Amino acid sequence: MTTPRAQLTALFEAALAAADPARVIPPALDALAPPAGRIVVIGAGKASAAMAQIIEQHWADHAERISGLVVTRDGHAVPCRHIEIVEAAHPVPDARGRDAAQRMLEETVANLSEDDLVLALISGGGSALLALPAPGITLEDKQSISRALLKSGATIGEINTVRKHLSAIKGGRLGLACRPAKLVTWLISDVPGDDPSLIASGPTLADPGTCANALAILERHRINLSDAVRHHLESGAGETPKPGQSRLDSAEVRLLATPQMALEAAATCAESMGLTAHILSDAIEGESRDVAFALAAIARQVADRGQPFTAPCVLLSGGETTVTVRGAGCGGRNVEFLTALAHALHEHPKIHALAADTDGVDGGAELAGAIIDPTTPARALSAGRPLLRVLDDNDGHGLFQALGDSLDTGPTLTNVNDFRAILVTAPTP
């Protein structure tokens, strides 16, 4: 691993390995006693099918008692024998997700007993995949609002607050339907701060938010609402089960993989290569280009002045930035970040970087992210794609595909949000 590109790629692979369901599910199962009754597996998210598969494999001795339904993103399904896997659209919901959510709520968790166990496998992406609108709200309403919020620059916390209050299944409603069975929720976190109630909009967890919160978010981002949606929120019809007010408080909740765990694994990998690793934060939010300008300034300070760290080192960070899409491109927060970073670094000879989404999909393209090096600005100009124009068009994916610098992992079957690594090489003697 003598090249910066190889080193950065190895760091990303280490982060993905730390969040692999095959690594995190077996220890959790070993600590969980099988029930006397049925084992009902439900779930939603980009990692949920892989999580379900590991449960079937690890609890093969209990196969005759395992059943369930899991919804995952198109292309993220894996074979299961006893648990039904349904694929649906993401990030804008579709009828497949709606129909699967309805069956999960009305059939899969119906008629359970106190002897049964419900294992809820929740990971990022589940909000769009469990798309059962509240009474009086249409799927088209939810699709329109989802598209508008995704382009508005709203944070994932804001988006999921809205989703919970327009849903018949999220925000703890699915959890209530599992009574009186024992409910255990296992989470792979993709949200800054790892708030369990925000991961996939917390379908099995009590929700501290309110309809008023959701309405304020929609108004702040100037989202057009149908009369039905506005009435639903203003009337309070969309209120969710609250902490301390439902039996959900006694349910078991466990975070199996988080952005911090992935960053720590990357840091360990960096140190094995002789690089000092510095984790800046696992929960960075804000416009991608603004975050890029700030991190570029820190990287240049390290490279030029040895402050606050000395090179060689790698600056690691996670979280979920946003892109307010105004151009003709498809966005993608990691490639937007890298485009702005490359511009702000001014071809600095000692700085390279990788940014990617750990689920393998960054924005509107089936690509995880990309890598930049000191030659990126000049090569972009030669390709007829000057960096500032790319930023204006929100077309980072077009740029990095043209340069051959895209990261194409395919579905990773996990999701611990964004991964960023800025490598500052050793100063010239």
# chains A, B, ... in the order shown; residues from 1 in each chain; ligands from 1
call {"tool": "residues_around", "arguments": {"residues": "Ala63 in chain A", "least_positions_apart": "3", "cutoff": "9 Å", "atoms": "only C-alpha atoms", "output": "number ranges by chain"}}
result
A: 39, 56-57, 59-60, 66-67, 81-82
call {"tool": "write_last_selection", "arguments": {"atoms": "N, CA, C and O atoms", "output": "short mmCIF file (atom, residue, chain, number, x, y, z; two decimals), in the first residue's frame"}}
result
data_model
loop_
_atom_site.label_atom_id
_atom_site.label_comp_id
_atom_site.auth_asym_id
_atom_site.auth_seq_id
_atom_site.Cartn_x
_atom_site.Cartn_y
_atom_site.Cartn_z
N ILE A 39 -40.18 -17.07 16.33
CA ILE A 39 -39.16 -16.04 16.09
C ILE A 39 -39.57 -15.30 14.84
O ILE A 39 -39.47 -15.83 13.72
N GLU A 56 -30.79 -16.37 9.98
CA GLU A 56 -31.16 -17.71 9.54
C GLU A 56 -29.98 -18.67 9.62
O GLU A 56 -30.12 -19.82 10.05
N GLN A 57 -28.83 -18.21 9.22
CA GLN A 57 -27.66 -19.08 9.22
C GLN A 57 -27.19 -19.41 10.63
O GLN A 57 -26.83 -20.55 10.93
N TRP A 59 -28.93 -19.17 13.52
CA TRP A 59 -29.94 -19.87 14.31
C TRP A 59 -30.59 -20.98 13.49
O TRP A 59 -31.80 -21.17 13.55
N ALA A 60 -29.78 -21.70 12.74
CA ALA A 60 -30.31 -22.77 11.88
C ALA A 60 -31.06 -23.83 12.68
O ALA A 60 -32.01 -24.46 12.18
N ILE A 66 -38.71 -19.82 12.63
CA ILE A 66 -38.38 -18.50 12.10
C ILE A 66 -39.29 -18.16 10.93
O ILE A 66 -39.51 -18.97 10.02
N SER A 67 -39.81 -16.94 10.94
CA SER A 67 -40.58 -16.40 9.81
C SER A 67 -40.38 -14.89 9.83
O SER A 67 -39.71 -14.34 10.70
N ARG A 81 -34.40 -18.34 3.41
CA ARG A 81 -35.31 -19.47 3.24
C ARG A 81 -36.64 -19.25 3.95
O ARG A 81 -37.68 -19.68 3.47
N HIS A 82 -36.61 -18.62 5.10
CA HIS A 82 -37.81 -18.53 5.94
C HIS A 82 -38.32 -17.10 6.10
O HIS A 82 -39.46 -16.90 6.52
#
call {"tool": "closest_atom_pairs", "arguments": {"of": "range 80-157 of chain A", "to": "range 317-340 of chain A", "cutoff": "12 Å", "atoms": "only C-alpha atoms", "output": "JSON lines"}}
result
{"residue": "A:Gly124", "atom": "CA", "partner": "A:Glu320", "partner_atom": "CA", "distance": 11.6}
{"residue": "A:Arg147", "atom": "CA", "partner": "A:Val325", "partner_atom": "CA", "distance": 11.0}
{"residue": "A:Ala148", "atom": "CA", "partner": "A:Val325", "partner_atom": "CA", "distance": 10.1}
{"residue": "A:Leu149", "atom": "CA", "partner": "A:Thr324", "partner_atom": "CA", "distance": 9.4}
{"residue": "A:Leu150", "atom": "CA", "partner": "A:Thr324", "partner_atom": "CA", "distance": 8.0}
{"residue": "A:Lys151", "atom": "CA", "partner": "A:Val325", "partner_atom": "CA", "distance": 5.2}
{"residue": "A:Ser152", "atom": "CA", "partner": "A:Thr324", "partner_atom": "CA", "distance": 5.2}
{"residue": "A:Gly153", "atom": "CA", "partner": "A:Thr324", "partner_atom": "CA", "distance": 4.4}
{"residue": "A:Ala154", "atom": "CA", "partner": "A:Thr322", "partner_atom": "CA", "distance": 7.0}
{"residue": "A:Thr155", "atom": "CA", "partner": "A:Thr322", "partner_atom": "CA", "distance": 6.6}
{"residue": "A:Ile156", "atom": "CA", "partner": "A:Glu320", "partner_atom": "CA", "distance": 7.5}
{"residue": "A:Gly157", "atom": "CA", "partner": "A:Glu320", "partner_atom": "CA", "distance": 9.9}
call {"tool": "write_last_selection", "arguments": {"atoms": "all heavy atoms", "output": "PDB file, in the first residue's frame"}}
result
ATOM      1  N   GLY A 124     -30.211   2.196   7.917  1.00  0.00           N
ATOM      2  CA  GLY A 124     -30.465   3.363   7.091  1.00  0.00           C
ATOM      3  C   GLY A 124     -31.162   3.010   5.785  1.00  0.00           C
ATOM      4  O   GLY A 124     -30.870   1.987   5.170  1.00  0.00           O
ATOM      5  N   ARG A 147     -39.248  14.026  -2.414  1.00  0.00           N
ATOM      6  CA  ARG A 147     -38.412  14.625  -3.463  1.00  0.00           C
ATOM      7  C   ARG A 147     -38.017  16.052  -3.090  1.00  0.00           C
ATOM      8  O   ARG A 147     -36.856  16.448  -3.246  1.00  0.00           O
ATOM      9  CB  ARG A 147     -39.160  14.621  -4.795  1.00  0.00           C
ATOM     10  CG  ARG A 147     -39.370  13.242  -5.412  1.00  0.00           C
ATOM     11  CD  ARG A 147     -39.903  13.355  -6.833  1.00  0.00           C
ATOM     12  NE  ARG A 147     -40.249  12.052  -7.377  1.00  0.00           N
ATOM     13  CZ  ARG A 147     -41.471  11.533  -7.385  1.00  0.00           C
ATOM     14  NH1 ARG A 147     -42.487  12.229  -6.878  1.00  0.00           N
ATOM     15  NH2 ARG A 147     -41.687  10.335  -7.900  1.00  0.00           N
ATOM     16  N   ALA A 148     -38.984  16.813  -2.599  1.00  0.00           N
ATOM     17  CA  ALA A 148     -38.710  18.210  -2.273  1.00  0.00           C
ATOM     18  C   ALA A 148     -37.728  18.332  -1.108  1.00  0.00           C
ATOM     19  O   ALA A 148     -36.801  19.151  -1.141  1.00  0.00           O
ATOM     20  CB  ALA A 148     -40.022  18.929  -1.949  1.00  0.00           C
ATOM     21  N   LEU A 149     -37.897  17.519  -0.079  1.00  0.00           N
ATOM     22  CA  LEU A 149     -36.992  17.583   1.068  1.00  0.00           C
ATOM     23  C   LEU A 149     -35.580  17.155   0.683  1.00  0.00           C
ATOM     24  O   LEU A 149     -34.594  17.741   1.144  1.00  0.00           O
ATOM     25  CB  LEU A 149     -37.513  16.692   2.198  1.00  0.00           C
ATOM     26  CG  LEU A 149     -38.677  17.255   3.020  1.00  0.00           C
ATOM     27  CD1 LEU A 149     -39.230  16.193   3.952  1.00  0.00           C
ATOM     28  CD2 LEU A 149     -38.245  18.483   3.820  1.00  0.00           C
ATOM     29  N   LEU A 150     -35.472  16.134  -0.163  1.00  0.00           N
ATOM     30  CA  LEU A 150     -34.150  15.647  -0.567  1.00  0.00           C
ATOM     31  C   LEU A 150     -33.369  16.698  -1.348  1.00  0.00           C
ATOM     32  O   LEU A 150     -32.140  16.727  -1.307  1.00  0.00           O
ATOM     33  CB  LEU A 150     -34.294  14.370  -1.393  1.00  0.00           C
ATOM     34  CG  LEU A 150     -34.740  13.133  -0.603  1.00  0.00           C
ATOM     35  CD1 LEU A 150     -35.177  12.027  -1.551  1.00  0.00           C
ATOM     36  CD2 LEU A 150     -33.621  12.647   0.315  1.00  0.00           C
ATOM     37  N   LYS A 151     -34.061  17.560  -2.066  1.00  0.00           N
ATOM     38  CA  LYS A 151     -33.397  18.617  -2.826  1.00  0.00           C
ATOM     39  C   LYS A 151     -33.201  19.897  -2.030  1.00  0.00           C
ATOM     40  O   LYS A 151     -32.471  20.791  -2.454  1.00  0.00           O
ATOM     41  CB  LYS A 151     -34.207  18.937  -4.089  1.00  0.00           C
ATOM     42  CG  LYS A 151     -34.171  17.842  -5.147  1.00  0.00           C
ATOM     43  CD  LYS A 151     -34.889  18.302  -6.409  1.00  0.00           C
ATOM     44  CE  LYS A 151     -34.778  17.262  -7.523  1.00  0.00           C
ATOM     45  NZ  LYS A 151     -35.428  17.721  -8.770  1.00  0.00           N
ATOM     46  N   SER A 152     -33.856  19.983  -0.871  1.00  0.00           N
ATOM     47  CA  SER A 152     -33.899  21.253  -0.142  1.00  0.00           C
ATOM     48  C   SER A 152     -32.680  21.519   0.724  1.00  0.00           C
ATOM     49  O   SER A 152     -32.481  22.638   1.189  1.00  0.00           O
ATOM     50  CB  SER A 152     -35.137  21.273   0.764  1.00  0.00           C
ATOM     51  OG  SER A 152     -34.957  20.387   1.869  1.00  0.00           O
ATOM     52  N   GLY A 153     -31.871  20.479   0.981  1.00  0.00           N
ATOM     53  CA  GLY A 153     -30.771  20.626   1.930  1.00  0.00           C
ATOM     54  C   GLY A 153     -31.170  20.314   3.355  1.00  0.00           C
ATOM     55  O   GLY A 153     -30.383  20.523   4.282  1.00  0.00           O
ATOM     56  N   ALA A 154     -32.364  19.763   3.563  1.00  0.00           N
ATOM     57  CA  ALA A 154     -32.799  19.366   4.907  1.00  0.00           C
ATOM     58  C   ALA A 154     -31.908  18.253   5.440  1.00  0.00           C
ATOM     59  O   ALA A 154     -31.426  17.409   4.691  1.00  0.00           O
ATOM     60  CB  ALA A 154     -34.255  18.896   4.869  1.00  0.00           C
ATOM     61  N   THR A 155     -31.678  18.242   6.751  1.00  0.00           N
ATOM     62  CA  THR A 155     -30.882  17.188   7.368  1.00  0.00           C
ATOM     63  C   THR A 155     -31.685  15.901   7.444  1.00  0.00           C
ATOM     64  O   THR A 155     -32.920  15.900   7.353  1.00  0.00           O
ATOM     65  CB  THR A 155     -30.447  17.582   8.784  1.00  0.00           C
ATOM     66  OG1 THR A 155     -31.609  17.641   9.633  1.00  0.00           O
ATOM     67  CG2 THR A 155     -29.739  18.929   8.785  1.00  0.00           C
ATOM     68  N   ILE A 156     -30.972  14.780   7.680  1.00  0.00           N
ATOM     69  CA  ILE A 156     -31.662  13.505   7.798  1.00  0.00           C
ATOM     70  C   ILE A 156     -32.593  13.504   9.009  1.00  0.00           C
ATOM     71  O   ILE A 156     -33.680  12.916   8.985  1.00  0.00           O
ATOM     72  CB  ILE A 156     -30.659  12.338   7.861  1.00  0.00           C
ATOM     73  CG1 ILE A 156     -31.395  10.993   7.816  1.00  0.00           C
ATOM     74  CG2 ILE A 156     -29.780  12.438   9.085  1.00  0.00           C
ATOM     75  CD1 ILE A 156     -32.206  10.756   6.567  1.00  0.00           C
ATOM     76  N   GLY A 157     -32.196  14.180  10.079  1.00  0.00           N
ATOM     77  CA  GLY A 157     -33.065  14.280  11.239  1.00  0.00           C
ATOM     78  C   GLY A 157     -34.357  15.005  10.924  1.00  0.00           C
ATOM     79  O   GLY A 157     -35.447  14.598  11.368  1.00  0.00           O
TER      80      GLY A 157
END
call {"tool": "select_by_dssp", "arguments": {"residues": "range 194-386 of chain A", "states": "alpha helix (DSSP H)", "output": "PyMOL selection string"}}
result
chain A and resi 211-220+227-234+259-272+288-305+333-345+376-382
call {"tool": "write_last_selection", "arguments": {"atoms": "C-alpha atoms", "output": "PDB file, in the first residue's frame"}}
result
ATOM      1  CA  CYS A 211     -46.566  17.226  14.493  1.00  0.00           C
ATOM      2  CA  ALA A 212     -45.671  20.847  15.200  1.00  0.00           C
ATOM      3  CA  ASN A 213     -41.978  19.997  14.727  1.00  0.00           C
ATOM      4  CA  ALA A 214     -42.726  18.345  11.388  1.00  0.00           C
ATOM      5  CA  LEU A 215     -44.821  21.249  10.160  1.00  0.00           C
ATOM      6  CA  ALA A 216     -42.144  23.762  11.156  1.00  0.00           C
ATOM      7  CA  ILE A 217     -39.535  21.811   9.171  1.00  0.00           C
ATOM      8  CA  LEU A 218     -41.719  21.736   6.077  1.00  0.00           C
ATOM      9  CA  GLU A 219     -42.415  25.458   6.333  1.00  0.00           C
ATOM     10  CA  ARG A 220     -38.750  26.313   6.920  1.00  0.00           C
ATOM     11  CA  ASP A 227     -54.591  20.288   2.122  1.00  0.00           C
ATOM     12  CA  ALA A 228     -54.738  16.736   3.485  1.00  0.00           C
ATOM     13  CA  VAL A 229     -51.137  16.816   4.706  1.00  0.00           C
ATOM     14  CA  ARG A 230     -51.486  20.240   6.279  1.00  0.00           C
ATOM     15  CA  HIS A 231     -54.683  19.238   8.074  1.00  0.00           C
ATOM     16  CA  HIS A 232     -53.094  15.993   9.272  1.00  0.00           C
ATOM     17  CA  LEU A 233     -50.242  17.873  10.929  1.00  0.00           C
ATOM     18  CA  GLU A 234     -52.151  20.901  12.176  1.00  0.00           C
ATOM     19  CA  PRO A 259     -20.247   5.495  12.254  1.00  0.00           C
ATOM     20  CA  GLN A 260     -17.844   5.806  15.197  1.00  0.00           C
ATOM     21  CA  MET A 261     -17.087   2.080  15.093  1.00  0.00           C
ATOM     22  CA  ALA A 262     -16.304   2.333  11.380  1.00  0.00           C
ATOM     23  CA  LEU A 263     -14.015   5.329  11.912  1.00  0.00           C
ATOM     24  CA  GLU A 264     -12.184   3.554  14.734  1.00  0.00           C
ATOM     25  CA  ALA A 265     -11.600   0.540  12.478  1.00  0.00           C
ATOM     26  CA  ALA A 266     -10.206   2.840   9.788  1.00  0.00           C
ATOM     27  CA  ALA A 267      -7.964   4.496  12.367  1.00  0.00           C
ATOM     28  CA  THR A 268      -6.572   1.121  13.402  1.00  0.00           C
ATOM     29  CA  CYS A 269      -5.925   0.306   9.743  1.00  0.00           C
ATOM     30  CA  ALA A 270      -4.158   3.645   9.263  1.00  0.00           C
ATOM     31  CA  GLU A 271      -1.882   3.026  12.206  1.00  0.00           C
ATOM     32  CA  SER A 272      -0.929  -0.373  10.771  1.00  0.00           C
ATOM     33  CA  SER A 288     -21.234  19.449   1.637  1.00  0.00           C
ATOM     34  CA  ARG A 289     -19.277  22.277   0.051  1.00  0.00           C
ATOM     35  CA  ASP A 290     -19.160  24.249   3.312  1.00  0.00           C
ATOM     36  CA  VAL A 291     -17.827  21.226   5.181  1.00  0.00           C
ATOM     37  CA  ALA A 292     -15.264  20.752   2.409  1.00  0.00           C
ATOM     38  CA  PHE A 293     -13.960  24.314   2.690  1.00  0.00           C
ATOM     39  CA  ALA A 294     -13.551  23.940   6.468  1.00  0.00           C
ATOM     40  CA  LEU A 295     -11.761  20.595   6.253  1.00  0.00           C
ATOM     41  CA  ALA A 296      -9.551  21.864   3.419  1.00  0.00           C
ATOM     42  CA  ALA A 297      -8.345  24.666   5.679  1.00  0.00           C
ATOM     43  CA  ILE A 298      -7.512  22.192   8.434  1.00  0.00           C
ATOM     44  CA  ALA A 299      -5.691  19.873   6.014  1.00  0.00           C
ATOM     45  CA  ARG A 300      -3.623  22.757   4.621  1.00  0.00           C
ATOM     46  CA  GLN A 301      -2.705  23.844   8.146  1.00  0.00           C
ATOM     47  CA  VAL A 302      -1.492  20.329   8.881  1.00  0.00           C
ATOM     48  CA  ALA A 303       0.466  20.095   5.624  1.00  0.00           C
ATOM     49  CA  ASP A 304       2.027  23.575   5.745  1.00  0.00           C
ATOM     50  CA  ARG A 305       2.485  24.279   9.457  1.00  0.00           C
ATOM     51  CA  ARG A 333     -23.076  14.672  -0.965  1.00  0.00           C
ATOM     52  CA  ASN A 334     -19.712  12.889  -1.068  1.00  0.00           C
ATOM     53  CA  VAL A 335     -18.808  13.847  -4.626  1.00  0.00           C
ATOM     54  CA  GLU A 336     -20.008  17.394  -3.958  1.00  0.00           C
ATOM     55  CA  PHE A 337     -17.720  17.437  -0.922  1.00  0.00           C
ATOM     56  CA  LEU A 338     -14.756  16.188  -2.963  1.00  0.00           C
ATOM     57  CA  THR A 339     -15.333  18.658  -5.777  1.00  0.00           C
ATOM     58  CA  ALA A 340     -15.343  21.554  -3.328  1.00  0.00           C
ATOM     59  CA  LEU A 341     -12.373  20.095  -1.441  1.00  0.00           C
ATOM     60  CA  ALA A 342     -10.290  19.775  -4.600  1.00  0.00           C
ATOM     61  CA  HIS A 343     -11.099  23.391  -5.484  1.00  0.00           C
ATOM     62  CA  ALA A 344     -10.180  24.644  -1.991  1.00  0.00           C
ATOM     63  CA  LEU A 345      -6.897  22.712  -1.828  1.00  0.00           C
ATOM     64  CA  THR A 376      -7.706  16.581  -9.917  1.00  0.00           C
ATOM     65  CA  PRO A 377      -8.272  20.301 -10.727  1.00  0.00           C
ATOM     66  CA  ALA A 378      -6.003  20.239 -13.794  1.00  0.00           C
ATOM     67  CA  ARG A 379      -7.465  17.001 -15.097  1.00  0.00           C
ATOM     68  CA  ALA A 380     -10.986  18.346 -14.567  1.00  0.00           C
ATOM     69  CA  LEU A 381     -10.130  21.448 -16.589  1.00  0.00           C
ATOM     70  CA  SER A 382      -8.627  19.347 -19.381  1.00  0.00           C
TER      71      SER A 382
END
call {"tool": "residues_around", "arguments": {"residues": "Ala251 in chain A", "least_positions_apart": "3", "cutoff": "12 Å", "atoms": "only C-alpha atoms", "output": "short mmCIF file (atom, residue, chain, number, x, y, z; two decimals) with N, CA, C and O atoms, in the first residue's frame"}}
result
data_model
loop_
_atom_site.label_atom_id
_atom_site.label_comp_id
_atom_site.auth_asym_id
_atom_site.auth_seq_id
_atom_site.Cartn_x
_atom_site.Cartn_y
_atom_site.Cartn_z
N LEU A 117 -40.96 -13.95 20.00
CA LEU A 117 -39.92 -12.93 19.93
C LEU A 117 -40.00 -12.24 18.58
O LEU A 117 -40.03 -12.90 17.54
N VAL A 118 -40.02 -10.92 18.60
CA VAL A 118 -39.93 -10.14 17.37
C VAL A 118 -38.55 -9.50 17.33
O VAL A 118 -38.18 -8.74 18.24
N LEU A 119 -37.80 -9.83 16.30
CA LEU A 119 -36.49 -9.22 16.06
C LEU A 119 -36.65 -8.19 14.96
O LEU A 119 -36.92 -8.53 13.81
N ALA A 120 -36.50 -6.93 15.30
CA ALA A 120 -36.62 -5.84 14.33
C ALA A 120 -35.23 -5.42 13.88
O ALA A 120 -34.41 -4.98 14.69
N GLY A 172 -42.68 4.42 15.98
CA GLY A 172 -43.13 3.55 17.06
C GLY A 172 -44.40 2.77 16.79
O GLY A 172 -44.76 1.88 17.56
N GLY A 175 -43.85 -0.94 16.42
CA GLY A 175 -43.54 -1.53 17.71
C GLY A 175 -44.78 -1.82 18.53
O GLY A 175 -44.90 -2.89 19.15
N LEU A 176 -45.73 -0.90 18.53
CA LEU A 176 -46.97 -1.13 19.26
C LEU A 176 -47.73 -2.33 18.72
O LEU A 176 -48.36 -3.07 19.48
N CYS A 178 -46.56 -5.02 17.68
CA CYS A 178 -45.91 -6.28 18.03
C CYS A 178 -46.36 -6.82 19.38
O CYS A 178 -46.01 -7.96 19.74
N ARG A 179 -47.06 -6.06 20.17
CA ARG A 179 -47.51 -6.52 21.48
C ARG A 179 -48.42 -7.74 21.34
O ARG A 179 -49.18 -7.81 20.38
N PRO A 180 -48.37 -8.70 22.27
CA PRO A 180 -47.60 -8.72 23.53
C PRO A 180 -46.26 -9.46 23.43
O PRO A 180 -45.69 -9.83 24.45
N ALA A 181 -45.77 -9.72 22.22
CA ALA A 181 -44.49 -10.43 22.06
C ALA A 181 -43.34 -9.61 22.63
O ALA A 181 -43.42 -8.39 22.77
N LYS A 182 -42.24 -10.30 22.93
CA LYS A 182 -41.01 -9.60 23.31
C LYS A 182 -40.44 -8.94 22.07
O LYS A 182 -40.29 -9.58 21.02
N LEU A 183 -40.10 -7.66 22.17
CA LEU A 183 -39.60 -6.89 21.03
C LEU A 183 -38.14 -6.52 21.26
O LEU A 183 -37.79 -5.90 22.27
N VAL A 184 -37.29 -6.92 20.31
CA VAL A 184 -35.87 -6.58 20.35
C VAL A 184 -35.53 -5.87 19.05
O VAL A 184 -35.77 -6.41 17.97
N THR A 185 -34.99 -4.67 19.14
CA THR A 185 -34.62 -3.90 17.95
C THR A 185 -33.11 -3.81 17.86
O THR A 185 -32.44 -3.35 18.79
N TRP A 186 -32.59 -4.26 16.72
CA TRP A 186 -31.17 -4.16 16.43
C TRP A 186 -30.95 -3.16 15.33
O TRP A 186 -31.62 -3.21 14.28
N THR A 204 -40.05 1.05 15.54
CA THR A 204 -40.36 0.29 16.75
C THR A 204 -40.05 1.05 18.02
O THR A 204 -40.10 0.48 19.11
N LEU A 205 -39.75 2.35 17.91
CA LEU A 205 -39.31 3.12 19.07
C LEU A 205 -40.19 4.34 19.30
O LEU A 205 -40.64 4.99 18.35
N ALA A 206 -40.40 4.64 20.57
CA ALA A 206 -41.15 5.85 20.92
C ALA A 206 -40.46 7.08 20.35
O ALA A 206 -39.24 7.12 20.20
N PRO A 243 -42.15 8.78 24.47
CA PRO A 243 -41.40 8.11 25.54
C PRO A 243 -42.11 8.27 26.89
O PRO A 243 -42.63 9.34 27.20
N GLY A 244 -42.14 7.19 27.65
CA GLY A 244 -42.78 7.23 28.95
C GLY A 244 -44.27 7.06 28.92
O GLY A 244 -44.92 7.03 29.97
N SER A 246 -45.84 4.62 26.68
CA SER A 246 -46.23 3.39 25.99
C SER A 246 -45.34 2.25 26.45
O SER A 246 -44.29 2.45 27.07
N ARG A 247 -45.74 1.03 26.11
CA ARG A 247 -44.97 -0.16 26.49
C ARG A 247 -43.69 -0.28 25.67
O ARG A 247 -42.88 -1.17 25.91
N LEU A 248 -43.48 0.60 24.74
CA LEU A 248 -42.25 0.57 23.95
C LEU A 248 -41.02 0.85 24.81
O LEU A 248 -39.91 0.47 24.46
N ARG A 254 -30.61 -2.12 20.71
CA ARG A 254 -29.15 -2.27 20.71
C ARG A 254 -28.57 -1.77 19.39
O ARG A 254 -29.05 -2.13 18.31
#
call {"tool": "residues_around", "arguments": {"residues": "Leu105 in chain A", "least_positions_apart": "3", "cutoff": "12 Å", "atoms": "only C-alpha atoms", "output": "NGL selection string"}}
result
:A and (42-43 or 68-70 or 98-102 or 108-112 or 130-132 or 167-170 or 172-179 or 203-204)
call {"tool": "closest_residue", "arguments": {"among": "A:Lys242, A:His348, A:His58, A:Lys46", "to": "Leu32 in chain A", "atoms": "only C-alpha atoms"}}
result
A:His58
call {"tool": "atom_distance", "arguments": {"atom1": "CA of Leu407 in chain A", "atom2": "CA of Leu16 in chain A"}}
result
13.4 Å
call {"tool": "select_by_dssp", "arguments": {"residues": "range 250-389 of chain A", "states": "strand (DSSP E or B)", "output": "PyMOL selection string"}}
result
chain A and resi 252-257+276-284+287+313-319+322+351-357+362+365+369-372
call {"tool": "atom_distance", "arguments": {"atom1": "CA of Ala10 in chain A", "atom2": "CA of Pro411 in chain A"}}
result
17.6 Å
call {"tool": "atom_distance", "arguments": {"atom1": "CA of Ala52 in chain A", "atom2": "CA of Leu139 in chain A"}}
result
27.1 Å
call {"tool": "closest_residue", "arguments": {"among": "A:Pro27, A:Glu84, A:Ile422, A:Asp61", "to": "Val40 in chain A", "atoms": "only C-alpha atoms"}}
result
A:Glu84
call {"tool": "closest_residue", "arguments": {"among": "A:Ala95, A:Ala383, A:Ala426, A:Ala17", "to": "Gly398 in chain A", "atoms": "only C-alpha atoms"}}
result
A:Ala383
call {"tool": "residues_around", "arguments": {"residues": "Thr258 in chain A", "least_positions_apart": "4", "cutoff": "8 Å", "atoms": "only C-alpha atoms", "output": "PDB file with N, CA and C atoms, in the first residue's frame"}}
result
ATOM      1  N   ALA A  19     -18.670  -2.695   9.901  1.00  0.00           N
ATOM      2  CA  ALA A  19     -20.132  -2.597   9.945  1.00  0.00           C
ATOM      3  C   ALA A  19     -20.816  -3.731   9.193  1.00  0.00           C
ATOM      4  N   ILE A 188     -28.339  -0.710  12.819  1.00  0.00           N
ATOM      5  CA  ILE A 188     -27.105  -0.250  12.204  1.00  0.00           C
ATOM      6  C   ILE A 188     -27.334   1.218  11.880  1.00  0.00           C
ATOM      7  N   SER A 189     -26.587   2.085  12.547  1.00  0.00           N
ATOM      8  CA  SER A 189     -26.896   3.516  12.538  1.00  0.00           C
ATOM      9  C   SER A 189     -26.319   4.242  11.330  1.00  0.00           C
ATOM     10  N   ASP A 190     -27.156   5.068  10.725  1.00  0.00           N
ATOM     11  CA  ASP A 190     -26.694   5.949   9.654  1.00  0.00           C
ATOM     12  C   ASP A 190     -27.009   7.405   9.956  1.00  0.00           C
ATOM     13  N   ASP A 194     -26.411   8.987  16.341  1.00  0.00           N
ATOM     14  CA  ASP A 194     -26.917   7.631  16.622  1.00  0.00           C
ATOM     15  C   ASP A 194     -28.196   7.627  17.451  1.00  0.00           C
ATOM     16  N   ALA A 262     -16.951   2.406  12.690  1.00  0.00           N
ATOM     17  CA  ALA A 262     -16.304   2.333  11.380  1.00  0.00           C
ATOM     18  C   ALA A 262     -15.066   3.220  11.329  1.00  0.00           C
ATOM     19  N   VAL A 416     -23.431   2.871   7.469  1.00  0.00           N
ATOM     20  CA  VAL A 416     -23.084   3.699   8.625  1.00  0.00           C
ATOM     21  C   VAL A 416     -22.720   5.115   8.160  1.00  0.00           C
TER      22      VAL A 416
END
call {"tool": "closest_residue", "arguments": {"among": "A:Ile145, A:Val253, A:Ala14, A:Ala237", "to": "Ala28 in chain A", "atoms": "only C-alpha atoms"}}
result
A:Val253
call {"tool": "closest_residue", "arguments": {"among": "A:Thr409, A:Gln143, A:Ser123, A:Gln53", "to": "Asp94 in chain A", "atoms": "only C-alpha atoms"}}
result
A:Gln143
call {"tool": "closest_atom_pairs", "arguments": {"of": "range 374-423 of chain A", "to": "range 355-365 of chain A", "cutoff": "6 Å", "atoms": "only C-alpha atoms", "output": "tab-separated table"}}
result
residue	atom	partner	partner_atom	distance
A:Thr409	CA	A:Gly360	CA	5.6
A:Gly410	CA	A:Gly360	CA	5.6
A:Pro411	CA	A:Gly360	CA	5.2
A:Thr412	CA	A:Asp359	CA	5.3
A:Thr414	CA	A:Asp359	CA	5.5
A:Asn415	CA	A:Asp359	CA	4.6
A:Val416	CA	A:Thr358	CA	5.9
A:Asn417	CA	A:Thr358	CA	5.6
A:Asp418	CA	A:Asp357	CA	4.5
A:Phe419	CA	A:Ala356	CA	5.4
A:Arg420	CA	A:Ala355	CA	4.3
call {"tool": "closest_residue", "arguments": {"among": "A:Thr210, A:Ser201, A:Thr425, A:Ser250", "to": "Pro374 in chain A", "atoms": "only C-alpha atoms"}}
result
A:Thr425
